[in-house]
Amino acid sequence: MTSTPEAYDAIIIGSGQAGTPLAAAFAKAVQKTVLIDPAHIGGCCVNEGCTPTKTLIASARAAYLTRRGQDYGIHTNNSSATKDGKNEIVVDMLRVRERKREIVESFRGGNEKRVADAGVTVLMGSAEFVDRKTVKVLLNGGGEKFVTGEKIFINVGERPAPPTPEGVESLDPRIVLDSTSIQELDVVPDHLVIIGGGYVGVEFAQYMSRLGARVSIVQRGKHLLPREDEDIAKVLQDIFTEDGITTHLSSSAVSIVPSSSSPSSPGFILKIKTSHGEQEISGSHILFASGRIPNTSTLNLQAAGLTTNEKGYIPVNAYLETNTSNIYALGDVKGPPAFTHISYDDFRIIRSNLLLPPSSPGKPKQLLTTTARQNRIPYVVYTDPQLAHIGLHESEARALFPEKEIKVARMPMSWVARALETDESRGMMKAVVDAESEQILGFTCLGMEGGEVMAVVQMAMLGGVGWRGLEEAVWAHPSLAESLNNLWGSLA
């Protein structure tokens, strides 16, 4: 160690959706706090994840609705001559990208101001452990700094898994994309091939398709979105097929070679293995969206006595404590589910347990744990229609409760008045319930504003309101929530 370490009460490694508010909370509690990040304040969600991707998806939806304008009696100039009955549009990718950058910079700036106003010391650089209380920071501007902390919190997140097909290194790097670099494209690909049909893959597939790209998905599993029930995934695939997106299921990439030596028009030929044999796909750009890996390999965790699992994630208990007593792990780095709202809930657990006084003076403090949210985790996939889910999937409920009578309700969105009135009636709803207690175990809405409909059911589940309470409720007409009167008629 070449310099005397500076002592802190709390060291936060990683400025994610847990680390950033946690740093501010410790500083406001008059505890000397340092926040370390190698790239930017705000973490993946603000800079490469939720914020920029949903901004881009909004641009694609504007293109989609403009092109569909004739369905509503709205025409653009010269559109009457189009053969497919769609309006002609012009996509300005530079403005699409600029708008995304503007919103990201605004959100990032808000995070930077928040930690600065709280009095947090920020070190931009890469952290690695020296021992259980000491961290070395390789500063981005050069040099290094050592810091010590009574408590250390790791919130370093994940990154896209590297591409694996043989020959990928021979391609022009401009056409080899991950979930971050695709957001910086200034052109619409002629043919985008996506390796991976999970949440990231399907969002980018529809985004680029709506901007005018031809899109093909290569998915190893037997259906898209392998975590979802097969009937839901099949409806989404049908929507994609209707929109012109090609899906290769039970398929994997074998090798890839350049199709052109011209720097001005690079491309590739991808060989895939399918259930029907090998097949070749020609494309202009390839997106690898087949997984993410934790950012733990450079932290020198063993110096702090920390262990990881076989995938590199840091195991924690229900209080987010690692196997080293003064070190905690929050967010994606501790393993799935990898959602921003889970990371933020991790922050709330730590803040409550370590910083807030007991809710009732004179009584023992009730510590929060991660177990309270198990089996009731919500999420939304921002395809259009949105795919929103809360609680257990049908397969999970049947596996978890083999002794219970599980009933399932299904209803197409084409039975929802509001969806029909807006001509956004693709998709379906699905609910899983315990027949005896009438409690809702899980709910999925693949439909218009599915995330907002799911939140209504989530509130019912949190409040212990069973499916019959939703069926008998008086909902405003014509709202999407009104569909919760009718869904339960199909319970079986």
# chains A, B, ... in the order shown; residues from 1 in each chain; ligands from 1
>>> residues_around(residues="Gln439 of chain A", least_positions_apart="6", cutoff="9 Å", atoms="only C-alpha atoms", output="list in words")
Val432, Val433, Met461, Gly464, Val465, Gly466, Trp467 and Arg468 of chain A
>>> write_last_selection(atoms="N, CA, C and O atoms", output="short mmCIF file (atom, residue, chain, number, x, y, z; two decimals), in the first residue's frame")
data_model
loop_
_atom_site.label_atom_id
_atom_site.label_comp_id
_atom_site.auth_asym_id
_atom_site.auth_seq_id
_atom_site.Cartn_x
_atom_site.Cartn_y
_atom_site.Cartn_z
N VAL A 432 -53.65 -17.00 -12.22
CA VAL A 432 -53.50 -18.28 -11.54
C VAL A 432 -53.97 -18.10 -10.11
O VAL A 432 -53.51 -17.19 -9.41
N VAL A 433 -54.90 -18.94 -9.66
CA VAL A 433 -55.48 -18.75 -8.33
C VAL A 433 -55.51 -20.06 -7.55
O VAL A 433 -55.48 -21.15 -8.12
N MET A 461 -53.40 -8.28 -4.56
CA MET A 461 -52.62 -9.34 -3.92
C MET A 461 -51.98 -8.84 -2.63
O MET A 461 -51.97 -9.54 -1.61
N GLY A 464 -54.58 -8.67 0.07
CA GLY A 464 -55.29 -9.90 0.39
C GLY A 464 -56.67 -10.00 -0.24
O GLY A 464 -57.51 -10.79 0.22
N VAL A 465 -56.91 -9.22 -1.28
CA VAL A 465 -58.19 -9.26 -1.98
C VAL A 465 -58.16 -10.40 -3.00
O VAL A 465 -57.29 -10.42 -3.88
N GLY A 466 -59.07 -11.33 -2.90
CA GLY A 466 -59.10 -12.47 -3.82
C GLY A 466 -59.71 -12.11 -5.16
O GLY A 466 -60.16 -10.97 -5.39
N TRP A 467 -59.74 -13.08 -6.04
CA TRP A 467 -60.22 -12.82 -7.40
C TRP A 467 -61.69 -12.40 -7.41
O TRP A 467 -62.10 -11.59 -8.24
N ARG A 468 -62.47 -12.91 -6.45
CA ARG A 468 -63.88 -12.57 -6.44
C ARG A 468 -64.10 -11.09 -6.13
O ARG A 468 -65.03 -10.46 -6.63
#
>>> residues_around(residues="Glu394 of chain A", least_positions_apart="6", cutoff="12 Å", atoms="only C-alpha atoms", output="JSON, numbers by chain")
{"A": [227, 228, 229, 230, 231, 232, 400, 401, 402, 405, 406, 407, 408, 409, 410, 430, 431, 432, 433, 434, 440, 441, 442, 443, 444]}
>>> write_last_selection(atoms="C-alpha atoms", output="PDB file, in the first residue's frame")
ATOM      1  CA  ARG A 227     -39.359 -17.837 -18.031  1.00  0.00           C
ATOM      2  CA  GLU A 228     -42.932 -17.220 -19.208  1.00  0.00           C
ATOM      3  CA  ASP A 229     -45.682 -19.795 -19.575  1.00  0.00           C
ATOM      4  CA  GLU A 230     -45.699 -21.278 -23.060  1.00  0.00           C
ATOM      5  CA  ASP A 231     -49.187 -20.022 -23.964  1.00  0.00           C
ATOM      6  CA  ILE A 232     -48.177 -16.420 -23.240  1.00  0.00           C
ATOM      7  CA  LEU A 400     -44.744 -25.114  -5.527  1.00  0.00           C
ATOM      8  CA  PHE A 401     -48.205 -26.178  -4.345  1.00  0.00           C
ATOM      9  CA  PRO A 402     -48.818 -29.731  -5.638  1.00  0.00           C
ATOM     10  CA  GLU A 405     -56.206 -27.101  -6.511  1.00  0.00           C
ATOM     11  CA  ILE A 406     -54.833 -24.540  -8.933  1.00  0.00           C
ATOM     12  CA  LYS A 407     -57.253 -22.854 -11.305  1.00  0.00           C
ATOM     13  CA  VAL A 408     -56.391 -20.707 -14.313  1.00  0.00           C
ATOM     14  CA  ALA A 409     -58.351 -17.934 -16.026  1.00  0.00           C
ATOM     15  CA  ARG A 410     -57.548 -16.795 -19.567  1.00  0.00           C
ATOM     16  CA  LYS A 430     -53.985 -14.929 -17.556  1.00  0.00           C
ATOM     17  CA  ALA A 431     -54.494 -15.427 -13.832  1.00  0.00           C
ATOM     18  CA  VAL A 432     -53.500 -18.284 -11.544  1.00  0.00           C
ATOM     19  CA  VAL A 433     -55.485 -18.754  -8.329  1.00  0.00           C
ATOM     20  CA  ASP A 434     -55.792 -21.024  -5.324  1.00  0.00           C
ATOM     21  CA  ILE A 440     -54.520 -14.735  -6.680  1.00  0.00           C
ATOM     22  CA  LEU A 441     -51.148 -16.466  -6.968  1.00  0.00           C
ATOM     23  CA  GLY A 442     -50.063 -14.916 -10.250  1.00  0.00           C
ATOM     24  CA  PHE A 443     -51.239 -12.662 -13.051  1.00  0.00           C
ATOM     25  CA  THR A 444     -49.993 -11.893 -16.545  1.00  0.00           C
TER      26      THR A 444
END
>>> select_by_dssp(residues="segment 353-453 of chain A", states="strand (DSSP E or B)", output="PyMOL selection string")
chain A and resi 378-381+386-391+406-412+428-434+440-447
>>> write_last_selection(atoms="N, CA, C and O atoms", output="compact mmCIF listing (two decimals), in the first residue's frame")
# COMPACT_ATOMS: atom_id res chain seq x y z
N PRO A 378 -43.07 -8.10 -9.28
CA PRO A 378 -43.65 -7.64 -10.55
C PRO A 378 -42.56 -7.28 -11.56
O PRO A 378 -41.44 -6.94 -11.18
N TYR A 379 -42.91 -7.36 -12.82
CA TYR A 379 -42.02 -6.84 -13.86
C TYR A 379 -42.83 -6.60 -15.13
O TYR A 379 -43.94 -7.11 -15.30
N VAL A 380 -42.24 -5.79 -16.01
CA VAL A 380 -42.88 -5.48 -17.29
C VAL A 380 -41.84 -5.61 -18.40
O VAL A 380 -40.73 -5.07 -18.28
N VAL A 381 -42.20 -6.32 -19.46
CA VAL A 381 -41.39 -6.36 -20.68
C VAL A 381 -42.02 -5.36 -21.64
O VAL A 381 -43.21 -5.45 -21.95
N GLN A 386 -47.41 -4.52 -24.06
CA GLN A 386 -46.55 -4.83 -22.93
C GLN A 386 -46.87 -6.21 -22.38
O GLN A 386 -48.02 -6.66 -22.40
N LEU A 387 -45.82 -6.85 -21.86
CA LEU A 387 -46.00 -8.12 -21.16
C LEU A 387 -45.66 -7.88 -19.69
O LEU A 387 -44.50 -7.66 -19.34
N ALA A 388 -46.70 -7.88 -18.85
CA ALA A 388 -46.51 -7.60 -17.43
C ALA A 388 -46.88 -8.81 -16.60
O ALA A 388 -47.83 -9.54 -16.93
N HIS A 389 -46.16 -9.01 -15.51
CA HIS A 389 -46.42 -10.19 -14.67
C HIS A 389 -46.19 -9.86 -13.21
O HIS A 389 -45.31 -9.07 -12.86
N ILE A 390 -46.97 -10.48 -12.34
CA ILE A 390 -46.80 -10.40 -10.89
C ILE A 390 -47.03 -11.78 -10.29
O ILE A 390 -47.97 -12.48 -10.70
N GLY A 391 -46.18 -12.20 -9.38
CA GLY A 391 -46.39 -13.44 -8.66
C GLY A 391 -45.89 -14.67 -9.39
O GLY A 391 -44.87 -14.63 -10.10
N ILE A 406 -55.20 -25.77 -8.23
CA ILE A 406 -54.83 -24.54 -8.93
C ILE A 406 -55.79 -24.34 -10.11
O ILE A 406 -55.98 -25.25 -10.92
N LYS A 407 -56.39 -23.18 -10.18
CA LYS A 407 -57.25 -22.85 -11.30
C LYS A 407 -56.65 -21.71 -12.11
O LYS A 407 -55.94 -20.86 -11.55
N VAL A 408 -56.97 -21.69 -13.40
CA VAL A 408 -56.39 -20.71 -14.31
C VAL A 408 -57.51 -20.03 -15.10
O VAL A 408 -58.43 -20.69 -15.58
N ALA A 409 -57.42 -18.72 -15.20
CA ALA A 409 -58.35 -17.93 -16.03
C ALA A 409 -57.58 -17.32 -17.18
O ALA A 409 -56.48 -16.81 -17.00
N ARG A 410 -58.17 -17.39 -18.38
CA ARG A 410 -57.55 -16.79 -19.57
C ARG A 410 -58.60 -15.97 -20.31
O ARG A 410 -59.75 -16.37 -20.39
N MET A 411 -58.15 -14.85 -20.88
CA MET A 411 -59.07 -14.04 -21.67
C MET A 411 -58.30 -13.26 -22.73
O MET A 411 -57.30 -12.62 -22.40
N PRO A 412 -58.72 -13.32 -23.99
CA PRO A 412 -58.03 -12.54 -25.02
C PRO A 412 -58.31 -11.05 -24.85
O PRO A 412 -59.38 -10.64 -24.39
N MET A 428 -53.32 -11.25 -24.46
CA MET A 428 -54.21 -12.01 -23.59
C MET A 428 -53.89 -11.71 -22.13
O MET A 428 -52.81 -11.21 -21.79
N MET A 429 -54.85 -12.01 -21.26
CA MET A 429 -54.64 -11.99 -19.81
C MET A 429 -54.68 -13.41 -19.28
O MET A 429 -55.36 -14.27 -19.85
N LYS A 430 -53.99 -13.61 -18.18
CA LYS A 430 -53.98 -14.93 -17.56
C LYS A 430 -53.80 -14.76 -16.05
O LYS A 430 -52.94 -13.99 -15.60
N ALA A 431 -54.61 -15.46 -15.29
CA ALA A 431 -54.49 -15.43 -13.83
C ALA A 431 -54.44 -16.84 -13.28
O ALA A 431 -55.10 -17.74 -13.80
N VAL A 432 -53.65 -17.00 -12.22
CA VAL A 432 -53.50 -18.28 -11.54
C VAL A 432 -53.97 -18.10 -10.11
O VAL A 432 -53.51 -17.19 -9.41
N VAL A 433 -54.90 -18.94 -9.66
CA VAL A 433 -55.48 -18.75 -8.33
C VAL A 433 -55.51 -20.06 -7.55
O VAL A 433 -55.48 -21.15 -8.12
N ASP A 434 -55.57 -19.90 -6.23
CA ASP A 434 -55.79 -21.02 -5.32
C ASP A 434 -57.30 -21.19 -5.20
O ASP A 434 -58.00 -20.30 -4.70
N ILE A 440 -55.21 -14.79 -5.39
CA ILE A 440 -54.52 -14.73 -6.68
C ILE A 440 -53.05 -15.05 -6.44
O ILE A 440 -52.37 -14.38 -5.66
N LEU A 441 -52.55 -16.06 -7.11
CA LEU A 441 -51.15 -16.47 -6.97
C LEU A 441 -50.26 -15.82 -8.03
O LEU A 441 -49.07 -15.62 -7.79
N GLY A 442 -50.84 -15.53 -9.18
CA GLY A 442 -50.06 -14.92 -10.25
C GLY A 442 -50.97 -14.33 -11.31
O GLY A 442 -52.12 -14.75 -11.46
N PHE A 443 -50.44 -13.33 -12.02
CA PHE A 443 -51.24 -12.66 -13.05
C PHE A 443 -50.31 -12.17 -14.14
O PHE A 443 -49.24 -11.62 -13.87
N THR A 444 -50.73 -12.38 -15.39
CA THR A 444 -49.99 -11.89 -16.55
C THR A 444 -50.94 -11.13 -17.44
O THR A 444 -52.06 -11.59 -17.71
N CYS A 445 -50.49 -9.98 -17.91
CA CYS A 445 -51.23 -9.24 -18.94
C CYS A 445 -50.30 -8.95 -20.10
O CYS A 445 -49.38 -8.14 -19.98
N LEU A 446 -50.50 -9.65 -21.19
CA LEU A 446 -49.85 -9.32 -22.45
C LEU A 446 -50.87 -8.51 -23.22
O LEU A 446 -51.73 -9.04 -23.92
N GLY A 447 -50.82 -7.21 -23.04
CA GLY A 447 -51.85 -6.37 -23.62
C GLY A 447 -51.54 -4.90 -23.50
O GLY A 447 -50.55 -4.50 -22.87
>>> atom_distance(atom1="atom CA of Lys133 of chain A", atom2="atom CA of Ile293 of chain A")
25.4 Å
>>> residues_around(residues="segment 309-322 of chain A", least_positions_apart="6", cutoff="7 Å", atoms="only C-alpha atoms", output="PyMOL selection string")
chain A and resi 294+296+328-330+333-335+369-371
>>> write_last_selection(atoms="N, CA, C and O atoms", output="compact mmCIF listing (two decimals), in the first residue's frame")
# COMPACT_ATOMS: atom_id res chain seq x y z
N PRO A 294 -22.15 -11.16 -14.01
CA PRO A 294 -21.90 -10.18 -12.95
C PRO A 294 -20.53 -9.52 -13.08
O PRO A 294 -19.57 -10.14 -13.56
N THR A 296 -18.00 -9.01 -11.21
CA THR A 296 -17.26 -9.36 -9.99
C THR A 296 -15.82 -9.78 -10.23
O THR A 296 -15.03 -9.86 -9.28
N TYR A 328 -21.95 -6.14 2.36
CA TYR A 328 -23.29 -6.44 1.84
C TYR A 328 -23.26 -6.39 0.32
O TYR A 328 -22.44 -5.68 -0.28
N ALA A 329 -24.16 -7.13 -0.32
CA ALA A 329 -24.29 -7.09 -1.78
C ALA A 329 -25.74 -6.76 -2.12
O ALA A 329 -26.67 -7.32 -1.53
N LEU A 330 -25.92 -5.88 -3.09
CA LEU A 330 -27.25 -5.40 -3.47
C LEU A 330 -27.40 -5.42 -4.98
O LEU A 330 -26.42 -5.26 -5.73
N VAL A 333 -25.84 -8.00 -8.74
CA VAL A 333 -24.60 -8.73 -8.47
C VAL A 333 -24.83 -9.92 -7.53
O VAL A 333 -24.01 -10.83 -7.47
N LYS A 334 -25.96 -9.93 -6.81
CA LYS A 334 -26.23 -11.05 -5.91
C LYS A 334 -27.03 -12.15 -6.60
O LYS A 334 -27.36 -13.17 -5.99
N GLY A 335 -27.35 -11.95 -7.89
CA GLY A 335 -28.08 -12.96 -8.64
C GLY A 335 -29.50 -12.55 -8.92
O GLY A 335 -29.99 -11.53 -8.43
N THR A 369 -36.48 -7.95 5.40
CA THR A 369 -35.75 -8.99 4.68
C THR A 369 -36.28 -9.10 3.26
O THR A 369 -37.33 -8.55 2.91
N THR A 370 -35.55 -9.83 2.45
CA THR A 370 -35.96 -10.05 1.06
C THR A 370 -37.07 -11.08 0.94
O THR A 370 -37.69 -11.21 -0.12
N THR A 371 -37.35 -11.81 2.02
CA THR A 371 -38.37 -12.86 1.94
C THR A 371 -39.77 -12.29 1.76
O THR A 371 -40.65 -12.97 1.22
>>> residues_around(residues="Ile152 of chain A", least_positions_apart="2", cutoff="10 Å", atoms="only C-alpha atoms", output="PyMOL selection string")
chain A and resi 8-13+33-34+132-135+148-150+154-155+325-329
>>> write_last_selection(atoms="N, CA, C and O atoms", output="tab-separated table (two decimals), in the first residue's frame")
chain	number	residue	atom	x	y	z
A	8	TYR	N	-13.60	5.91	6.00
A	8	TYR	CA	-15.01	6.25	5.81
A	8	TYR	C	-15.87	5.34	6.68
A	8	TYR	O	-15.46	4.23	7.06
A	9	ASP	N	-17.07	5.82	6.97
A	9	ASP	CA	-18.03	4.96	7.66
A	9	ASP	C	-18.64	3.94	6.69
A	9	ASP	O	-18.92	2.81	7.07
A	10	ALA	N	-18.87	4.38	5.44
A	10	ALA	CA	-19.50	3.51	4.45
A	10	ALA	C	-18.83	3.68	3.10
A	10	ALA	O	-18.62	4.81	2.63
A	11	ILE	N	-18.52	2.55	2.47
A	11	ILE	CA	-18.01	2.53	1.10
A	11	ILE	C	-19.07	1.86	0.23
A	11	ILE	O	-19.50	0.74	0.53
A	12	ILE	N	-19.50	2.54	-0.81
A	12	ILE	CA	-20.45	1.95	-1.76
A	12	ILE	C	-19.71	1.76	-3.07
A	12	ILE	O	-19.23	2.74	-3.67
A	13	ILE	N	-19.61	0.51	-3.52
A	13	ILE	CA	-18.94	0.19	-4.78
A	13	ILE	C	-20.01	-0.05	-5.84
A	13	ILE	O	-20.72	-1.05	-5.80
A	33	THR	N	-19.17	9.04	3.73
A	33	THR	CA	-19.52	8.06	2.70
A	33	THR	C	-18.77	8.34	1.41
A	33	THR	O	-18.67	9.49	0.97
A	34	VAL	N	-18.30	7.27	0.78
A	34	VAL	CA	-17.66	7.38	-0.53
A	34	VAL	C	-18.38	6.44	-1.50
A	34	VAL	O	-18.71	5.30	-1.15
A	132	ARG	N	-10.80	-7.02	4.08
A	132	ARG	CA	-12.24	-6.93	4.31
A	132	ARG	C	-12.73	-5.51	4.60
A	132	ARG	O	-13.94	-5.25	4.53
A	133	LYS	N	-11.80	-4.59	4.88
A	133	LYS	CA	-12.21	-3.21	5.14
A	133	LYS	C	-11.50	-2.20	4.26
A	133	LYS	O	-11.78	-0.99	4.35
A	134	THR	N	-10.63	-2.65	3.38
A	134	THR	CA	-9.82	-1.74	2.57
A	134	THR	C	-10.05	-1.98	1.09
A	134	THR	O	-10.07	-3.13	0.63
A	135	VAL	N	-10.22	-0.91	0.35
A	135	VAL	CA	-10.46	-0.96	-1.09
A	135	VAL	C	-9.47	-0.05	-1.79
A	135	VAL	O	-9.24	1.09	-1.37
A	148	THR	N	-10.75	3.02	3.45
A	148	THR	CA	-11.21	1.98	4.36
A	148	THR	C	-12.63	2.31	4.80
A	148	THR	O	-13.03	3.48	4.83
A	149	GLY	N	-13.39	1.27	5.12
A	149	GLY	CA	-14.77	1.49	5.53
A	149	GLY	C	-15.21	0.49	6.57
A	149	GLY	O	-14.85	-0.70	6.49
A	150	GLU	N	-16.00	0.97	7.54
A	150	GLU	CA	-16.55	0.06	8.54
A	150	GLU	C	-17.58	-0.87	7.90
A	150	GLU	O	-17.71	-2.02	8.28
A	154	ILE	N	-21.69	-3.60	-2.03
A	154	ILE	CA	-21.33	-3.89	-3.42
A	154	ILE	C	-22.59	-3.84	-4.28
A	154	ILE	O	-23.55	-4.57	-4.05
A	155	ASN	N	-22.60	-2.94	-5.28
A	155	ASN	CA	-23.76	-2.77	-6.17
A	155	ASN	C	-23.26	-2.56	-7.59
A	155	ASN	O	-23.61	-1.59	-8.25
A	325	SER	N	-18.70	-10.36	7.40
A	325	SER	CA	-19.72	-9.72	8.25
A	325	SER	C	-20.00	-8.25	7.96
A	325	SER	O	-21.13	-7.80	8.12
A	326	ASN	N	-19.03	-7.48	7.52
A	326	ASN	CA	-19.26	-6.05	7.32
A	326	ASN	C	-19.57	-5.69	5.86
A	326	ASN	O	-19.65	-4.51	5.52
A	327	ILE	N	-19.73	-6.70	5.01
A	327	ILE	CA	-19.90	-6.45	3.57
A	327	ILE	C	-21.27	-6.95	3.12
A	327	ILE	O	-21.67	-8.08	3.45
A	328	TYR	N	-21.95	-6.14	2.36
A	328	TYR	CA	-23.29	-6.44	1.84
A	328	TYR	C	-23.26	-6.39	0.32
A	328	TYR	O	-22.44	-5.68	-0.28
A	329	ALA	N	-24.16	-7.13	-0.32
A	329	ALA	CA	-24.29	-7.09	-1.78
A	329	ALA	C	-25.74	-6.76	-2.12
A	329	ALA	O	-26.67	-7.32	-1.53
>>> atom_distance(atom1="atom CA of Thr298 of chain A", atom2="atom CA of Ser126 of chain A")
8.3 Å
>>> closest_residue(among="A:Thr4, A:Gln206, A:Thr324, A:Ser284", to="Gln302 of chain A", atoms="only C-alpha atoms")
A:Thr324
>>> closest_residue(among="A:Thr53, A:Thr383, A:Thr247, A:Ser170", to="Phe268 of chain A", atoms="only C-alpha atoms")
A:Ser170
>>> closest_residue(among="A:Val200, A:Leu211, A:Leu56, A:Leu299", to="Leu138 of chain A", atoms="only C-alpha atoms")
A:Leu299
>>> select_by_dssp(residues="segment 335-452 of chain A", states="alpha helix (DSSP H)", output="ChimeraX atom specification")
/A:340-354,394-400,417-421,450-452
>>> write_last_selection(atoms="N, CA and C atoms", output="mmCIF file, in the first residue's frame")
data_model
loop_
_atom_site.group_PDB
_atom_site.id
_atom_site.type_symbol
_atom_site.label_atom_id
_atom_site.label_comp_id
_atom_site.auth_asym_id
_atom_site.auth_seq_id
_atom_site.Cartn_x
_atom_site.Cartn_y
_atom_site.Cartn_z
ATOM 1 N N THR A 340 -34.535 -3.419 -11.766
ATOM 2 C CA THR A 340 -34.220 -2.170 -11.086
ATOM 3 C C THR A 340 -34.984 -2.031 -9.782
ATOM 4 N N HIS A 341 -36.272 -2.393 -9.796
ATOM 5 C CA HIS A 341 -37.077 -2.221 -8.592
ATOM 6 C C HIS A 341 -36.647 -3.171 -7.477
ATOM 7 N N ILE A 342 -36.034 -4.293 -7.824
ATOM 8 C CA ILE A 342 -35.482 -5.179 -6.796
ATOM 9 C C ILE A 342 -34.245 -4.530 -6.187
ATOM 10 N N SER A 343 -33.410 -3.936 -7.024
ATOM 11 C CA SER A 343 -32.227 -3.237 -6.523
ATOM 12 C C SER A 343 -32.631 -2.100 -5.587
ATOM 13 N N TYR A 344 -33.664 -1.362 -5.977
ATOM 14 C CA TYR A 344 -34.111 -0.254 -5.131
ATOM 15 C C TYR A 344 -34.704 -0.779 -3.821
ATOM 16 N N ASP A 345 -35.398 -1.898 -3.878
ATOM 17 C CA ASP A 345 -35.925 -2.481 -2.650
ATOM 18 C C ASP A 345 -34.788 -2.947 -1.751
ATOM 19 N N ASP A 346 -33.702 -3.434 -2.337
ATOM 20 C CA ASP A 346 -32.522 -3.783 -1.549
ATOM 21 C C ASP A 346 -32.023 -2.559 -0.778
ATOM 22 N N PHE A 347 -31.994 -1.417 -1.447
ATOM 23 C CA PHE A 347 -31.611 -0.170 -0.777
ATOM 24 C C PHE A 347 -32.528 0.105 0.412
ATOM 25 N N ARG A 348 -33.824 -0.051 0.212
ATOM 26 C CA ARG A 348 -34.773 0.243 1.290
ATOM 27 C C ARG A 348 -34.576 -0.692 2.479
ATOM 28 N N ILE A 349 -34.247 -1.951 2.198
ATOM 29 C CA ILE A 349 -33.994 -2.907 3.271
ATOM 30 C C ILE A 349 -32.784 -2.473 4.092
ATOM 31 N N ILE A 350 -31.687 -2.131 3.410
ATOM 32 C CA ILE A 350 -30.468 -1.708 4.113
ATOM 33 C C ILE A 350 -30.707 -0.409 4.874
ATOM 34 N N ARG A 351 -31.355 0.551 4.232
ATOM 35 C CA ARG A 351 -31.618 1.837 4.891
ATOM 36 C C ARG A 351 -32.438 1.629 6.163
ATOM 37 N N SER A 352 -33.492 0.824 6.057
ATOM 38 C CA SER A 352 -34.345 0.590 7.218
ATOM 39 C C SER A 352 -33.596 -0.126 8.338
ATOM 40 N N ASN A 353 -32.844 -1.158 7.971
ATOM 41 C CA ASN A 353 -32.191 -1.982 8.984
ATOM 42 C C ASN A 353 -30.993 -1.290 9.641
ATOM 43 N N LEU A 354 -30.279 -0.456 8.891
ATOM 44 C CA LEU A 354 -29.031 0.115 9.408
ATOM 45 C C LEU A 354 -29.125 1.592 9.782
ATOM 46 N N GLU A 394 -48.057 -20.178 -13.958
ATOM 47 C CA GLU A 394 -48.837 -21.401 -13.761
ATOM 48 C C GLU A 394 -47.939 -22.583 -13.430
ATOM 49 N N SER A 395 -46.862 -22.736 -14.178
ATOM 50 C CA SER A 395 -45.965 -23.874 -13.947
ATOM 51 C C SER A 395 -45.341 -23.797 -12.562
ATOM 52 N N GLU A 396 -44.990 -22.589 -12.116
ATOM 53 C CA GLU A 396 -44.392 -22.423 -10.796
ATOM 54 C C GLU A 396 -45.401 -22.736 -9.689
ATOM 55 N N ALA A 397 -46.628 -22.272 -9.853
ATOM 56 C CA ALA A 397 -47.658 -22.510 -8.836
ATOM 57 C C ALA A 397 -47.943 -23.993 -8.675
ATOM 58 N N ARG A 398 -48.033 -24.700 -9.810
ATOM 59 C CA ARG A 398 -48.317 -26.136 -9.729
ATOM 60 C C ARG A 398 -47.151 -26.904 -9.098
ATOM 61 N N ALA A 399 -45.928 -26.441 -9.370
ATOM 62 C CA ALA A 399 -44.759 -27.108 -8.783
ATOM 63 C C ALA A 399 -44.614 -26.790 -7.303
ATOM 64 N N LEU A 400 -44.928 -25.553 -6.906
ATOM 65 C CA LEU A 400 -44.744 -25.114 -5.527
ATOM 66 C C LEU A 400 -45.847 -25.632 -4.610
ATOM 67 N N ALA A 417 -63.171 -3.916 -24.090
ATOM 68 C CA ALA A 417 -63.759 -2.818 -24.862
ATOM 69 C C ALA A 417 -62.743 -1.727 -25.158
ATOM 70 N N ARG A 418 -61.984 -1.320 -24.168
ATOM 71 C CA ARG A 418 -61.021 -0.233 -24.362
ATOM 72 C C ARG A 418 -59.977 -0.604 -25.409
ATOM 73 N N ALA A 419 -59.542 -1.851 -25.401
ATOM 74 C CA ALA A 419 -58.564 -2.308 -26.376
ATOM 75 C C ALA A 419 -59.144 -2.280 -27.787
ATOM 76 N N LEU A 420 -60.398 -2.664 -27.929
ATOM 77 C CA LEU A 420 -61.056 -2.635 -29.239
ATOM 78 C C LEU A 420 -61.237 -1.205 -29.730
ATOM 79 N N GLU A 421 -61.615 -0.302 -28.844
ATOM 80 C CA GLU A 421 -61.856 1.089 -29.225
ATOM 81 C C GLU A 421 -60.589 1.770 -29.721
ATOM 82 N N GLY A 450 -50.216 -3.143 -20.321
ATOM 83 C CA GLY A 450 -50.252 -4.299 -19.439
ATOM 84 C C GLY A 450 -49.657 -4.032 -18.069
ATOM 85 N N GLY A 451 -48.629 -3.181 -18.007
ATOM 86 C CA GLY A 451 -48.006 -2.886 -16.725
ATOM 87 C C GLY A 451 -48.950 -2.211 -15.756
ATOM 88 N N GLU A 452 -49.814 -1.332 -16.278
ATOM 89 C CA GLU A 452 -50.743 -0.630 -15.403
ATOM 90 C C GLU A 452 -51.868 -1.563 -14.946
#
>>> residues_around(residues="segment 173-189 of chain A", least_positions_apart="4", cutoff="7 Å", atoms="only C-alpha atoms", output="list of chain:residue names")
A:Glu48, A:Met93, A:Leu94, A:Arg97, A:Pro160, A:Leu211, A:Gly212, A:Ala213, A:Ser284, A:His285, A:Ile286, A:Leu287, A:Phe288, A:Ala289
